[in-house]
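Structure file my_file35.txt; described as compact mmCIF, C-alpha atoms.
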# COMPACT_ATOMS: atom_id res chain seq x y z
CA MET A 1 -24.01 -5.87 16.28
CA ASN A 2 -23.27 -9.37 17.60
CA GLU A 3 -20.55 -10.13 20.15
CA ILE A 4 -17.28 -11.01 18.52
CA ASN A 5 -14.57 -13.44 19.47
CA LEU A 6 -11.22 -11.60 19.53
CA TRP A 7 -9.28 -14.80 18.81
CA ALA A 8 -11.44 -15.56 15.77
CA LEU A 9 -10.59 -12.08 14.44
CA GLY A 10 -6.88 -12.68 15.10
CA GLY A 11 -7.17 -16.04 13.31
CA ILE A 12 -8.84 -14.41 10.29
CA GLY A 13 -6.02 -11.85 10.13
CA LEU A 14 -3.42 -14.61 10.44
CA VAL A 15 -4.92 -16.66 7.59
CA ALA A 16 -5.37 -13.55 5.43
CA GLY A 17 -1.73 -12.54 5.97
CA LEU A 18 -0.47 -16.09 5.43
CA LEU A 19 -2.37 -16.76 2.20
CA GLY A 20 -1.99 -13.18 1.02
CA SER A 21 1.79 -13.29 1.11
CA MET A 22 2.00 -16.87 -0.22
CA LEU A 23 -0.25 -16.12 -3.17
CA GLY A 24 0.53 -12.48 -3.77
CA VAL A 25 -3.06 -11.32 -3.24
CA GLY A 26 -4.20 -8.69 -0.77
CA GLY A 27 -5.71 -9.79 2.52
CA GLY A 28 -8.92 -7.91 1.70
CA LEU A 29 -10.15 -10.70 -0.56
CA ILE A 30 -10.24 -12.95 2.51
CA ILE A 31 -11.06 -10.50 5.31
CA VAL A 32 -14.18 -8.86 3.85
CA PRO A 33 -16.12 -12.03 2.93
CA VAL A 34 -15.17 -13.85 6.16
CA LEU A 35 -16.16 -10.90 8.37
CA THR A 36 -19.50 -10.54 6.59
CA LEU A 37 -20.35 -14.21 5.99
CA ALA A 38 -18.94 -15.85 9.14
CA LEU A 39 -19.08 -13.08 11.74
CA HIS A 40 -22.12 -11.29 10.24
CA LEU A 41 -20.58 -7.84 10.50
CA PRO A 42 -22.06 -5.04 8.36
CA ILE A 43 -20.14 -4.92 5.07
CA GLN A 44 -19.09 -1.26 5.53
CA ILE A 45 -17.39 -2.12 8.85
CA ALA A 46 -15.81 -5.19 7.25
CA ILE A 47 -14.43 -3.02 4.41
CA GLY A 48 -13.14 -0.31 6.80
CA SER A 49 -11.41 -2.95 8.95
CA SER A 50 -9.97 -4.61 5.86
CA LEU A 51 -8.52 -1.32 4.59
CA VAL A 52 -6.64 -0.70 7.85
CA ALA A 53 -5.34 -4.30 7.87
CA ILE A 54 -4.22 -3.80 4.26
CA VAL A 55 -2.27 -0.67 5.23
CA ALA A 56 -0.45 -2.66 7.93
CA ASN A 57 0.34 -5.48 5.54
CA ALA A 58 1.38 -3.17 2.68
CA CYS A 59 3.62 -1.02 4.93
CA THR A 60 5.39 -4.14 6.24
CA ALA A 61 6.01 -5.44 2.71
CA ALA A 62 6.83 -1.98 1.28
CA GLY A 63 9.59 -1.55 3.88
CA ILE A 64 11.25 -4.74 2.58
CA TYR A 65 10.73 -3.95 -1.12
CA THR A 66 12.00 -0.39 -0.77
CA LYS A 67 15.11 -1.56 1.05
CA ALA A 68 15.74 -3.99 -1.83
CA ARG A 69 15.49 -1.00 -4.27
CA LEU A 70 12.60 -2.64 -6.12
CA THR A 71 10.09 0.17 -5.64
CA ASN A 72 9.76 2.84 -8.33
CA ILE A 73 8.74 5.67 -5.98
CA LYS A 74 8.38 8.25 -8.78
CA LEU A 75 6.00 6.00 -10.71
CA GLY A 76 4.05 5.21 -7.54
CA LEU A 77 3.61 8.90 -6.73
CA LEU A 78 2.60 9.75 -10.30
CA LEU A 79 -0.07 7.05 -10.41
CA GLU A 80 -1.33 8.10 -6.96
CA THR A 81 -2.45 11.45 -8.44
CA THR A 82 -5.42 9.59 -9.97
CA THR A 83 -5.61 6.63 -7.57
CA ILE A 84 -6.31 8.81 -4.51
CA PRO A 85 -9.24 10.70 -6.11
CA GLY A 86 -10.58 7.27 -7.10
CA ALA A 87 -10.20 6.08 -3.50
CA ILE A 88 -12.00 9.17 -2.13
CA ILE A 89 -14.89 8.75 -4.57
CA GLY A 90 -15.04 4.99 -3.89
CA GLY A 91 -15.13 5.63 -0.12
CA PHE A 92 -18.05 8.04 -0.42
CA ALA A 93 -19.84 5.75 -2.87
CA ALA A 94 -19.57 2.79 -0.47
CA ALA A 95 -21.45 4.78 2.17
CA VAL A 96 -24.47 5.31 -0.08
CA ILE A 97 -24.52 2.06 -2.10
CA ALA A 98 -26.78 -0.67 -0.68
CA PRO A 99 -24.84 -3.45 1.13
CA SER A 100 -26.38 -6.09 -1.16
CA ILE A 101 -24.92 -4.34 -4.23
CA LEU A 102 -21.51 -4.15 -2.52
CA SER A 103 -21.70 -7.90 -1.83
CA ALA A 104 -22.56 -8.58 -5.47
CA LEU A 105 -19.69 -6.37 -6.70
CA PHE A 106 -17.34 -8.19 -4.35
CA GLY A 107 -18.55 -11.51 -5.74
CA LEU A 108 -17.79 -10.32 -9.28
CA VAL A 109 -14.27 -9.26 -8.29
CA LEU A 110 -13.71 -12.65 -6.62
CA ILE A 111 -14.73 -14.44 -9.83
CA TYR A 112 -12.31 -12.29 -11.83
CA VAL A 113 -9.49 -13.09 -9.37
CA THR A 114 -10.39 -16.79 -9.43
CA TYR A 115 -10.17 -16.78 -13.23
CA THR A 116 -6.77 -15.06 -13.24
CA MET A 117 -5.46 -17.38 -10.50
CA VAL A 118 -6.41 -20.57 -12.25
CA THR A 119 -5.54 -19.52 -15.78
CA ARG A 120 -3.11 -16.61 -15.88
CA GLN A 121 -1.04 -17.07 -12.77
CA HIS A 122 1.89 -15.05 -14.07
CA PHE A 123 0.70 -11.69 -12.86
CA ILE A 124 -0.20 -12.70 -9.36
CA SER A 125 2.83 -14.77 -8.53
CA THR A 126 5.46 -13.02 -6.45
CA ASP A 127 8.20 -15.45 -7.29
CA THR A 128 7.98 -15.14 -11.04
CA GLN A 129 11.12 -14.89 -13.08
CA LEU A 130 11.29 -11.74 -15.11
CA ASP A 131 10.24 -12.16 -18.67
CA ASP A 132 12.60 -9.78 -20.35
CA HIS A 133 10.91 -9.95 -23.72
CA LEU A 134 8.11 -7.66 -22.47
CA HIS A 135 10.44 -4.87 -21.49
CA PRO A 136 12.41 -2.80 -20.88
CA GLY A 137 10.35 -0.07 -22.47
CA GLU A 138 9.92 -1.37 -25.97
CA PRO A 139 11.20 1.38 -28.24
CA GLY A 140 8.61 3.15 -30.29
CA ILE A 141 5.71 2.79 -27.86
CA THR A 142 6.31 6.16 -26.24
CA SER A 143 9.27 8.18 -25.13
CA ASP A 144 7.90 11.39 -23.68
CA ASN A 145 9.68 13.41 -21.01
CA LEU A 146 7.73 11.92 -18.16
CA SER A 147 8.39 8.36 -19.24
CA SER A 148 12.12 8.97 -19.47
CA SER A 149 12.19 10.49 -15.99
CA LEU A 150 10.55 7.31 -14.68
CA LYS A 151 13.47 5.17 -15.86
CA GLU A 152 14.66 2.83 -13.11
CA SER A 153 16.93 -0.11 -12.46
CA TYR A 154 17.37 -2.72 -9.75
CA TYR A 155 19.53 -5.72 -9.04
CA ASP A 156 17.74 -9.02 -9.57
CA GLN A 157 19.17 -11.74 -7.35
CA ASN A 158 17.64 -14.63 -9.32
CA LEU A 159 18.96 -13.38 -12.64
CA ASP A 160 22.19 -12.09 -11.07
CA LYS A 161 22.11 -8.89 -13.11
CA VAL A 162 20.96 -5.30 -13.00
CA VAL A 163 17.61 -4.88 -14.76
CA ASP A 164 17.04 -1.50 -16.44
CA TYR A 165 13.60 -0.55 -17.60
CA LYS A 166 11.64 2.40 -18.96
CA VAL A 167 8.02 3.10 -18.15
CA THR A 168 5.68 3.41 -21.11
CA ARG A 169 2.00 4.32 -21.63
CA THR A 170 1.67 6.46 -18.50
CA PRO A 171 -1.85 7.72 -19.45
CA VAL A 172 -3.11 4.11 -19.39
CA GLY A 173 -1.58 3.68 -15.94
CA LEU A 174 -3.21 6.88 -14.70
CA GLY A 175 -6.64 5.74 -15.94
CA ALA A 176 -6.22 2.28 -14.43
CA GLY A 177 -5.01 3.89 -11.19
CA PHE A 178 -8.29 5.79 -10.81
CA PHE A 179 -10.28 2.61 -11.34
CA ALA A 180 -8.06 0.64 -8.92
CA GLY A 181 -8.40 3.35 -6.25
CA ALA A 182 -12.20 3.43 -6.56
CA LEU A 183 -12.42 -0.37 -6.36
CA SER A 184 -10.04 -0.43 -3.39
CA SER A 185 -12.15 1.92 -1.27
CA LEU A 186 -15.45 0.55 -2.50
CA LEU A 187 -14.67 -3.08 -1.65
CA GLY A 188 -11.82 -2.94 0.90
CA ILE A 189 -9.22 -4.58 -1.32
CA GLY A 190 -5.71 -3.38 -2.11
CA GLY A 191 -6.28 -2.96 -5.83
CA GLY A 192 -3.10 -4.83 -6.75
CA ILE A 193 -5.19 -7.12 -8.96
CA ILE A 194 -5.51 -4.17 -11.34
CA LYS A 195 -2.30 -2.21 -10.74
CA VAL A 196 0.17 -5.09 -11.08
CA PRO A 197 -1.04 -6.42 -14.46
CA VAL A 198 -1.42 -2.90 -15.88
CA MET A 199 2.09 -1.91 -14.81
CA HIS A 200 3.61 -5.18 -15.94
CA LEU A 201 1.76 -5.95 -19.15
CA LEU A 202 0.94 -2.47 -20.45
CA MET A 203 3.54 -0.12 -18.98
CA GLY A 204 6.62 -2.31 -19.36
CA VAL A 205 7.48 -2.49 -15.66
CA PRO A 206 9.19 -5.78 -14.70
CA MET A 207 7.06 -8.02 -12.46
CA LYS A 208 9.11 -7.59 -9.29
CA ALA A 209 9.18 -3.80 -9.63
CA ALA A 210 5.44 -3.77 -10.46
CA ILE A 211 4.59 -5.72 -7.29
CA ALA A 212 6.86 -3.52 -5.16
CA THR A 213 5.50 -0.27 -6.63
CA SER A 214 1.92 -1.53 -6.32
CA THR A 215 2.54 -2.36 -2.63
CA PHE A 216 3.92 1.16 -2.04
CA MET A 217 0.79 2.60 -3.68
CA ILE A 218 -1.63 0.27 -1.87
CA ALA A 219 -0.47 1.62 1.50
CA LEU A 220 -1.36 5.19 0.49
CA THR A 221 -4.59 4.31 -1.33
CA ALA A 222 -5.91 2.08 1.47
CA ALA A 223 -4.99 4.73 4.10
CA THR A 224 -6.95 7.35 2.13
CA GLY A 225 -9.93 4.99 1.90
CA ALA A 226 -9.69 4.18 5.62
CA PHE A 227 -9.84 7.90 6.48
CA ILE A 228 -13.12 8.16 4.55
CA TYR A 229 -14.50 5.11 6.43
CA GLN A 230 -13.41 6.74 9.69
CA TYR A 231 -15.45 9.80 8.66
CA TYR A 232 -18.55 7.57 8.50
CA GLY A 233 -17.69 5.82 11.82
CA ASN A 234 -16.87 2.47 10.21
CA ILE A 235 -13.44 2.05 11.82
CA GLN A 236 -13.88 -0.02 15.00
CA PRO A 237 -10.67 -0.31 17.07
CA PHE A 238 -11.62 -3.58 18.80
CA ILE A 239 -12.26 -5.33 15.49
CA ILE A 240 -9.15 -3.93 13.82
CA ALA A 241 -6.57 -4.59 16.60
CA PRO A 242 -6.62 -8.42 16.46
CA LEU A 243 -6.90 -8.31 12.65
CA ILE A 244 -3.74 -6.19 12.30
CA ILE A 245 -1.75 -8.31 14.74
CA GLY A 246 -2.85 -11.48 12.94
CA ILE A 247 -2.18 -10.20 9.43
CA VAL A 248 1.34 -8.98 10.21
CA ILE A 249 2.30 -12.29 11.90
CA GLY A 250 0.63 -14.28 9.11
CA SER A 251 2.41 -12.43 6.31
CA ARG A 252 5.80 -13.03 8.00
CA ILE A 253 5.10 -16.78 8.26
CA GLY A 254 3.73 -16.80 4.70
CA ALA A 255 6.90 -15.20 3.34
CA GLU A 256 8.92 -18.04 4.93
CA LEU A 257 6.56 -20.80 3.74
CA THR A 258 6.51 -19.49 0.17
CA GLN A 259 10.01 -20.86 -0.34
CA ARG A 260 8.90 -24.42 0.60
CA THR A 261 5.52 -24.86 -1.06
CA ARG A 262 4.46 -25.57 -4.64
CA GLY A 263 2.83 -22.31 -5.68
CA VAL A 264 0.81 -23.56 -8.66
CA TRP A 265 -1.31 -26.05 -6.72
CA LEU A 266 -1.79 -23.68 -3.83
CA ARG A 267 -3.06 -21.04 -6.25
CA ARG A 268 -5.50 -23.46 -7.87
CA ILE A 269 -6.89 -24.63 -4.53
CA PHE A 270 -7.23 -21.05 -3.35
CA GLY A 271 -8.86 -20.17 -6.68
CA VAL A 272 -11.57 -22.79 -6.05
CA PHE A 273 -12.00 -21.47 -2.49
CA LEU A 274 -12.46 -17.91 -3.77
CA PHE A 275 -15.01 -19.13 -6.32
CA LEU A 276 -17.06 -20.73 -3.53
CA VAL A 277 -16.82 -17.53 -1.49
CA ALA A 278 -18.02 -15.58 -4.55
CA ILE A 279 -21.10 -17.83 -4.76
CA LEU A 280 -21.75 -17.25 -1.04
CA MET A 281 -21.51 -13.48 -1.60
CA PHE A 282 -24.10 -13.74 -4.38
CA LEU A 283 -26.35 -15.82 -2.11
CA LYS A 284 -25.99 -13.12 0.55
CA THR A 285 -26.96 -10.52 -2.04
CA ALA A 286 -30.13 -12.52 -2.76
CA ASN A 287 -30.79 -12.83 1.03
CA VAL A 288 -30.65 -16.64 0.77
CA ILE A 289 -28.10 -16.84 3.60
CA MET B 290 52.71 47.46 2.15
CA ASN B 291 52.14 47.33 -1.57
CA CYS B 292 53.03 43.68 -1.52
CA SER B 293 50.53 42.93 1.25
CA ILE B 294 47.77 44.84 -0.60
CA ARG B 295 48.50 42.85 -3.73
CA PHE B 296 48.48 39.59 -1.74
CA GLY B 297 45.18 40.54 -0.07
CA HIS B 298 43.64 41.33 -3.46
CA ALA B 299 44.81 38.02 -4.91
CA TRP B 300 43.54 36.17 -1.82
CA SER B 301 40.11 37.77 -2.03
CA ARG B 302 39.89 36.97 -5.77
CA CYS B 303 40.98 33.42 -5.09
CA SER B 304 38.47 32.92 -2.27
CA LYS B 305 35.70 34.48 -4.40
CA LEU B 306 36.57 32.06 -7.19
CA SER B 307 36.63 29.03 -4.90
CA GLY B 308 33.40 30.16 -3.25
CA GLY B 309 31.77 30.41 -6.65
CA LEU B 310 33.04 26.96 -7.59
CA ARG B 311 31.78 25.54 -4.31
CA ARG B 312 28.37 27.13 -4.88
CA LYS B 313 28.26 25.69 -8.39
CA LYS B 314 29.22 22.29 -7.02
CA VAL B 315 26.44 22.43 -4.43
CA GLU B 316 23.96 23.50 -7.12
CA ASN B 317 24.94 20.56 -9.31
CA ILE B 318 24.74 17.89 -6.62
CA LYS B 319 21.99 15.40 -7.43
CA PHE B 320 21.13 13.12 -4.55
CA ASP B 321 20.99 9.50 -5.54
CA GLU B 322 17.47 8.09 -5.45
CA SER B 323 18.73 5.25 -3.27
CA ARG B 324 18.86 7.81 -0.47
CA LEU B 325 15.10 8.36 -0.80
CA LYS B 326 14.59 4.59 -0.76
CA ASN B 327 16.67 4.33 2.43
CA TRP B 328 14.54 7.00 4.08
CA ALA B 329 11.33 5.39 2.87
CA SER B 330 12.35 1.93 4.07
CA LEU B 331 13.34 3.28 7.48
CA ALA B 332 10.09 5.23 7.81
CA PHE B 333 8.01 2.18 6.87
CA ARG B 334 9.79 -0.09 9.38
CA LEU B 335 9.88 2.47 12.17
CA GLY B 336 6.24 3.46 11.60
CA ILE B 337 5.05 -0.14 11.64
CA ALA B 338 7.07 -0.88 14.79
CA ILE B 339 5.64 2.10 16.69
CA SER B 340 2.03 1.71 15.56
CA LEU B 341 1.97 -2.06 16.05
CA THR B 342 3.46 -1.71 19.52
CA LEU B 343 0.64 0.66 20.47
CA VAL B 344 -2.01 -1.64 18.97
CA VAL B 345 -0.57 -4.64 20.86
CA ILE B 346 -0.43 -2.66 24.13
CA GLY B 347 -4.05 -1.55 23.62
CA PHE B 348 -5.07 -5.13 22.87
CA ILE B 349 -3.39 -6.38 26.05
CA ILE B 350 -5.19 -3.67 28.06
CA LEU B 351 -8.47 -4.76 26.43
CA ILE B 352 -7.92 -8.41 27.38
CA TYR B 353 -6.91 -7.35 30.91
CA ILE B 354 -10.15 -5.33 31.27
CA SER B 355 -12.59 -7.60 29.44
CA GLY B 356 -11.00 -11.01 29.89
CA PHE B 357 -10.82 -13.86 27.39
CA LYS B 358 -14.43 -13.61 26.23
CA ASP B 359 -16.44 -12.35 23.31
CA ILE B 360 -16.78 -8.58 23.16
CA GLN B 361 -19.11 -5.98 21.70
CA PRO B 362 -17.43 -3.99 18.90
CA LEU B 363 -18.82 -0.80 20.43
CA VAL B 364 -16.60 0.60 23.19
CA ARG B 365 -17.90 0.41 26.76
CA LEU B 366 -16.89 2.94 29.43
CA GLU B 367 -14.30 0.76 31.17
CA GLN B 368 -12.74 -0.13 27.81
CA ILE B 369 -11.98 3.49 26.87
CA PRO B 370 -8.24 3.37 27.81
CA ALA B 371 -7.76 0.34 25.51
CA ALA B 372 -9.75 2.01 22.72
CA ILE B 373 -7.65 5.20 22.99
CA VAL B 374 -4.30 3.37 22.78
CA ILE B 375 -5.47 1.20 19.85
CA SER B 376 -6.94 4.22 18.04
CA ILE B 377 -3.66 6.15 18.37
CA GLY B 378 -1.83 3.10 16.98
CA ILE B 379 -4.25 2.87 14.04
CA PHE B 380 -3.98 6.62 13.37
CA LEU B 381 -0.16 6.45 13.35
CA LEU B 382 -0.34 3.44 11.04
CA LEU B 383 -2.51 5.36 8.56
CA LEU B 384 -0.09 8.31 8.73
CA ILE B 385 2.92 6.20 7.58
CA PRO B 386 2.15 6.50 3.83
CA ILE B 387 1.58 10.25 4.22
CA VAL B 388 4.99 10.58 5.91
CA GLN B 389 6.43 8.83 2.83
CA VAL B 390 4.97 11.52 0.59
CA ILE B 391 6.43 14.27 2.82
CA LEU B 392 9.84 12.57 2.64
CA SER B 393 9.53 12.49 -1.15
CA ILE B 394 8.81 16.23 -1.23
CA VAL B 395 11.93 16.89 0.90
CA PHE B 396 14.04 14.65 -1.34
CA PHE B 397 12.83 16.14 -4.63
CA SER B 398 13.30 19.65 -3.20
CA MET B 399 16.93 18.78 -2.38
CA ASN B 400 17.28 17.52 -5.94
CA ARG B 401 15.45 20.53 -7.41
CA ASN B 402 13.19 18.20 -9.36
CA ARG B 403 10.26 20.55 -9.92
CA LEU B 404 8.10 18.04 -11.76
CA PHE B 405 8.13 15.55 -8.92
CA ILE B 406 7.89 18.23 -6.22
CA GLY B 407 4.61 19.21 -7.93
CA ILE B 408 3.41 15.62 -8.21
CA SER B 409 4.27 14.85 -4.57
CA VAL B 410 2.59 18.04 -3.32
CA ALA B 411 -0.54 17.16 -5.32
CA VAL B 412 -0.58 13.68 -3.76
CA LEU B 413 -0.09 15.18 -0.29
CA CYS B 414 -2.96 17.63 -0.79
CA LEU B 415 -5.27 14.86 -1.99
CA SER B 416 -4.39 12.67 1.02
CA ALA B 417 -4.84 15.68 3.32
CA ILE B 418 -8.45 16.04 2.14
CA SER B 419 -9.32 12.55 3.41
CA LEU B 420 -7.27 13.07 6.58
CA VAL B 421 -9.12 16.29 7.41
CA LEU B 422 -12.45 14.52 6.80
CA ALA B 423 -11.40 11.73 9.18
CA LEU B 424 -10.54 14.25 11.89
CA THR B 425 -13.83 16.16 11.61
Once more with this new file: its structure as structure tokens, please.
Amino acid sequence: MNEINLWALGGIGLVAGLLGSMLGVGGGLIIVPVLTLALHLPIQIAIGSSLVAIVANACTAAGIYTKARLTNIKLGLLLETTTIPGAIIGGFAAAVIAPSILSALFGLVLIYVTYTMVTRQHFISTDTQLDDHLHPGEPGITSDNLSSSLKESYYDQNLDKVVDYKVTRTPVGLGAGFFAGALSSLLGIGGGIIKVPVMHLLMGVPMKAAIATSTFMIALTAATGAFIYQYYGNIQPFIIAPLIIGIVIGSRIGAELTQRTRGVWLRRIFGVFLFLVAILMFLKTANVI
Amino acid sequence: MNCSIRFGHAWSRCSKLSGGLRRKKVENIKFDESRLKNWASLAFRLGIAISLTLVVIGFIILIYISGFKDIQPLVRLEQIPAAIVISIGIFLLLLIPIVQVILSIVFFSMNRNRLFIGISVAVLCLSAISLVLALT
């Protein structure tokens, strides 16, 4: 492996935390391609480092969301029953899949995220107003015992009211959780790009609660994945330390800046950036770069 | 004498009754879920503070030993103290979500919520599999 500049790693973490919190995407989408394309690290080490950085970022955010009573802990734990097996399988799969295939898969995920950022921004934005017409728990969809025990409420400061909601279609959430867990460990991303829209659009969870619950879950899923990468020796302390420090500082600054920037344009610019990174990942797959 | 026996009998009946009521009250207490969220929030913040402190200390030791220059990702002999401190910090960081699951088990046990005790225990067991693998 090449020598690595510690400050460059800290800078990557800082940018990942900054953009991640401003745009509501996990830092993994930035960390993995930059570590592989710019610093030429093996993709498995990049993914392992990304997972640990994601745990740090998710734990920081989850502490704030949980204090604000936004997290639906019961729902998070229920969905983790399938997400963790997915993460374990994804972690083992990453060790045997060829790095070029991992790069290509990552490129595909980046294109999907780019598409959702540019067109359907509503499920990535963290500052979205709640669209009450989607929930709470449209009657008639399902009302089994489990769903009723997942009922929750929280106080929404923007709307100045208490929002009550029921969780519907739990089997869909469990299936999506497995897929999100596998993708998380396989590619070193949080998996929020799957969990948040599924919870919000299909399960009737309000956006703010979906983001908070997803963050709670991401911490556990990414930690599970990181343990599997540790098993294969892909957790390098000297790479991870500056990344973690950078990502935590960056996400704090990003949270402050979010209030002052115009989110739509930022998302579009970042969408174009991710698209270019996706092309680079494909070029790497084809050994062109 | 008779009077004191009668009083004692009434007292014991009364205390039995109040004890029963108290027991029933304790059985019926459901802890508000906001308590679990308070615990979880505290554990997240405390865990992050401790683990990040260790990572920062390890990083400072690394810079002190290796200087402001590019480094090899693989640990050299003189860098072992820095690697140990950072690794402990990373390990504690990865344990934070597992501590959350343990807190949930304690909370649901206090609330006698069997369904979610089962779910939380299942999640804990699944996480433990990966943790054990990491330690081997």
Counting all atoms listed in the file, which residues come within 10 Å of (-8.9, -11.4, 20.3), with the point read in the file's coordinates, and could you list them as a compact mmCIF listing (two decimals) with C-alpha atoms, in the coordinates of the input?
# COMPACT_ATOMS: atom_id res chain seq x y z
CA ILE A 4 -17.28 -11.01 18.52
CA ASN A 5 -14.57 -13.44 19.47
CA LEU A 6 -11.22 -11.60 19.53
CA TRP A 7 -9.28 -14.80 18.81
CA ALA A 8 -11.44 -15.56 15.77
CA LEU A 9 -10.59 -12.08 14.44
CA GLY A 10 -6.88 -12.68 15.10
CA GLY A 11 -7.17 -16.04 13.31
CA PHE A 238 -11.62 -3.58 18.80
CA ILE A 239 -12.26 -5.33 15.49
CA ILE A 240 -9.15 -3.93 13.82
CA ALA A 241 -6.57 -4.59 16.60
CA PRO A 242 -6.62 -8.42 16.46
CA LEU A 243 -6.90 -8.31 12.65
CA ILE A 245 -1.75 -8.31 14.74
CA GLY A 246 -2.85 -11.48 12.94
CA PHE B 348 -5.07 -5.13 22.87
CA ILE B 349 -3.39 -6.38 26.05
CA LEU B 351 -8.47 -4.76 26.43
CA ILE B 352 -7.92 -8.41 27.38
CA GLY B 356 -11.00 -11.01 29.89
CA PHE B 357 -10.82 -13.86 27.39
CA LYS B 358 -14.43 -13.61 26.23
CA ASP B 359 -16.44 -12.35 23.31
CA ILE B 360 -16.78 -8.58 23.16
Who sits within 12 Å of Leu183 of chain A, all atoms listed in the file, same chain under 6 positions skipped, as a ChimeraX atom specification: /A:28,47,51,83-94,102,105-106,108-109,176-177,189-195,218,221-222,225
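Minimum atom-to-atom distances from B:Ile394, B:Ala423, B:Ile339, B:Met399 to chain A were compared using all atoms listed in the file, and the lowest value belongs to B:Ala423.
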Residues of chain B within 7 Å of chain A, counting only C-alpha atoms, as a count of residues only: 31
Within 10 Å of Leu283 of chain A using all atoms listed in the file, minus same-chain residues under 5 positions, as a PyMOL selection string: chain A and resi 100+103-104+107+277-278+288-289
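Between atom CA of Leu23 of chain A and atom CA of Asn158 of chain A the separation is 19.0 Å.
Coordinates place atom CA of Gly250 of chain A at a distance of 21.2 Å from atom CA of Leu381 of chain B.
Non-sequential neighbours of Val167 of chain A (distance at most 7 Å, separation of 2 or more positions within a chain, all atoms listed in the file) are Gly137, Ser147, Leu150, Lys151, Tyr165, Met203, Gly204 and Val205 of chain A.
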Straight-line distance linking atom CA of Gly20 of chain A with atom CA of Ile247 of chain A, stated in Å to one decimal: 8.9 Å
Contacts of His40 of chain A within 12 Å, all atoms listed in the file, excl. fewer than 2 positions in-chain, as an MDAnalysis selection string: chainID A and resid 1:4 32:38 42:46 284 289
Take the selection from the previous step and output its residues with C-alpha atoms, as a short mmCIF file (atom, residue, chain, number, x, y, z; two decimals), in the coordinates of the input.
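The new file again_8.cif reads:
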data_model
loop_
_atom_site.label_atom_id
_atom_site.label_comp_id
_atom_site.auth_asym_id
_atom_site.auth_seq_id
_atom_site.Cartn_x
_atom_site.Cartn_y
_atom_site.Cartn_z
CA MET A 1 -24.01 -5.87 16.28
CA ASN A 2 -23.27 -9.37 17.60
CA GLU A 3 -20.55 -10.13 20.15
CA ILE A 4 -17.28 -11.01 18.52
CA VAL A 32 -14.18 -8.86 3.85
CA PRO A 33 -16.12 -12.03 2.93
CA VAL A 34 -15.17 -13.85 6.16
CA LEU A 35 -16.16 -10.90 8.37
CA THR A 36 -19.50 -10.54 6.59
CA LEU A 37 -20.35 -14.21 5.99
CA ALA A 38 -18.94 -15.85 9.14
CA PRO A 42 -22.06 -5.04 8.36
CA ILE A 43 -20.14 -4.92 5.07
CA GLN A 44 -19.09 -1.26 5.53
CA ILE A 45 -17.39 -2.12 8.85
CA ALA A 46 -15.81 -5.19 7.25
CA LYS A 284 -25.99 -13.12 0.55
CA ILE A 289 -28.10 -16.84 3.60
#
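With all atoms listed in the file as the basis for measurement, B:Ala371 is the residue among B:Ile379, B:Val395, B:Leu343, B:Ala371 that approaches Ser355 of chain B most closely.
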Shell around Gly254 of chain A at 7 Å using all atoms listed in the file, local window under 3 positions removed, as a ChimeraX atom specification: /A:18-19,21-22,250-251,257-258
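Distances to Val25 of chain A were evaluated for A:Ala182, A:Leu174, A:Leu280, A:Ile54 using all atoms listed in the file, and the minimum falls at A:Ile54.
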From B:Gly347, B:Asn402, B:Val390, B:Phe396, residue lying nearest Cys414 of chain B [only C-alpha atoms]: B:Val390
